[in-house]
Amino acid sequence: HEFEKLVFQLRVLESYLDRPTMHSCENVVRRGKAQIQKVIQLSQRDPANGIVEHFVVHKGKKKGNWISSQAIDVSALILEMYNRRQEQLNKRNEYLQQREKEERAQREKEERERREKTLRELKLRSAEMEKKSVSSKAIIDQGMKQWNQGSR
């Protein structure tokens, strides 16, 4: 029953896909971005009608045209989306690296503080033991002195 439901949902989804556009995108990806001649320099939404317009230029040139997202060459749009996604990924990776570096520094600081605290505690215990040892030695010496005096 679940499998049939899944197959039905896939068929509904597939009916909404634009096959020619998908094949065009696949071909662009196969060709690679080096062969794409048109590049989107700027994109903006037209407030009057809500359509996104792109300023498209040919590679190596400075002049271009404003083209609506409905009439734009798919290859230029794919390249723009790819570049935007790569930029987002790079920013995310930089953020994660910075965060990891800060967390590592924080862990190292906590570890250093923990070691320093342990060392202080050990020194304090050692000093207390030394004090007890000295006082015990003094008591023993005093006892020996009294014993020696009493045995004479």
# chains A, B, ... in the order shown; residues from 1 in each chain; ligands from 1
call {"tool": "select_by_dssp", "arguments": {"residues": "region 1-151 of chain A", "states": "strand (DSSP E or B)", "output": "list of chain:residue names"}}
result
A:Lys38, A:Val39, A:Ile40, A:Gln41, A:Leu42, A:Ser43, A:Gln44, A:Arg45, A:Val52, A:Glu53, A:His54, A:Phe55, A:Val56, A:Val57, A:His58, A:Gly64, A:Asn65, A:Trp66, A:Ile67, A:Ser68
call {"tool": "atom_distance", "arguments": {"atom1": "CA of Asn93 (chain A)", "atom2": "CA of Glu80 (chain A)"}}
result
19.9 Å
call {"tool": "select_by_dssp", "arguments": {"residues": "region 39-152 of chain A", "states": "helix (DSSP H, G or I)", "output": "ChimeraX atom specification"}}
result
/A:74-151
call {"tool": "residues_around", "arguments": {"residues": "Val52 (chain A)", "least_positions_apart": "2", "cutoff": "8 Å", "atoms": "only C-alpha atoms", "output": "list in words"}}
result
Ser43, Gln44, Arg45, Asp46, Gly50, His54, Ser68 and Ser69 of chain A
call {"tool": "write_last_selection", "arguments": {"atoms": "N, CA, C and O atoms", "output": "JSON list (two decimals), in the first residue's frame"}}
result
[["chain", "number", "residue", "atom", "x", "y", "z"],
["A", 43, "SER", "N", 20.97, 40.71, -10.93],
["A", 43, "SER", "CA", 19.57, 40.28, -10.96],
["A", 43, "SER", "C", 18.78, 41.16, -10.02],
["A", 43, "SER", "O", 19.27, 41.54, -8.95],
["A", 44, "GLN", "N", 17.54, 41.49, -10.42],
["A", 44, "GLN", "CA", 16.69, 42.27, -9.55],
["A", 44, "GLN", "C", 15.23, 41.98, -9.88],
["A", 44, "GLN", "O", 14.90, 41.60, -10.99],
["A", 45, "ARG", "N", 14.40, 42.16, -8.88],
["A", 45, "ARG", "CA", 12.96, 41.94, -9.07],
["A", 45, "ARG", "C", 12.31, 43.27, -9.43],
["A", 45, "ARG", "O", 12.52, 44.28, -8.78],
["A", 46, "ASP", "N", 11.50, 43.23, -10.48],
["A", 46, "ASP", "CA", 10.77, 44.41, -10.91],
["A", 46, "ASP", "C", 9.58, 44.60, -9.96],
["A", 46, "ASP", "O", 8.71, 43.74, -9.89],
["A", 50, "GLY", "N", 6.72, 42.05, -10.43],
["A", 50, "GLY", "CA", 7.24, 40.94, -9.64],
["A", 50, "GLY", "C", 8.14, 39.98, -10.39],
["A", 50, "GLY", "O", 8.58, 38.98, -9.83],
["A", 54, "HIS", "N", 17.34, 39.94, -15.29],
["A", 54, "HIS", "CA", 18.78, 39.71, -15.18],
["A", 54, "HIS", "C", 19.51, 40.54, -16.22],
["A", 54, "HIS", "O", 19.05, 40.66, -17.35],
["A", 68, "SER", "N", 14.16, 39.15, -18.90],
["A", 68, "SER", "CA", 13.32, 38.60, -17.83],
["A", 68, "SER", "C", 13.69, 37.14, -17.59],
["A", 68, "SER", "O", 14.23, 36.46, -18.47],
["A", 69, "SER", "N", 13.38, 36.66, -16.40],
["A", 69, "SER", "CA", 13.72, 35.28, -16.06],
["A", 69, "SER", "C", 12.95, 34.28, -16.92],
["A", 69, "SER", "O", 13.37, 33.14, -17.07]]
call {"tool": "closest_atom_pairs", "arguments": {"of": "region 118-146 of chain A", "to": "region 95-114 of chain A", "cutoff": "10 Å", "atoms": "only C-alpha atoms", "output": "CSV"}}
result
residue,atom,partner,partner_atom,distance
A:Thr118,CA,A:Arg114,CA,6.2
A:Leu119,CA,A:Arg114,CA,8.6
A:Arg120,CA,A:Arg114,CA,9.9
call {"tool": "atom_distance", "arguments": {"atom1": "CA of Arg84 (chain A)", "atom2": "CA of Val57 (chain A)"}}
result
17.1 Å
call {"tool": "residues_around", "arguments": {"residues": "region 58-65 of chain A", "least_positions_apart": "2", "cutoff": "6 Å", "atoms": "only C-alpha atoms", "output": "PyMOL selection string"}}
result
chain A and resi 37-38+55-56
call {"tool": "atom_distance", "arguments": {"atom1": "CA of Met22 (chain A)", "atom2": "CA of Leu77 (chain A)"}}
result
13.0 Å
call {"tool": "closest_residue", "arguments": {"among": "A:Ile72, A:Asn148, A:Val39, A:Lys91", "to": "Ile51 (chain A)", "atoms": "only C-alpha atoms"}}
result
A:Ile72
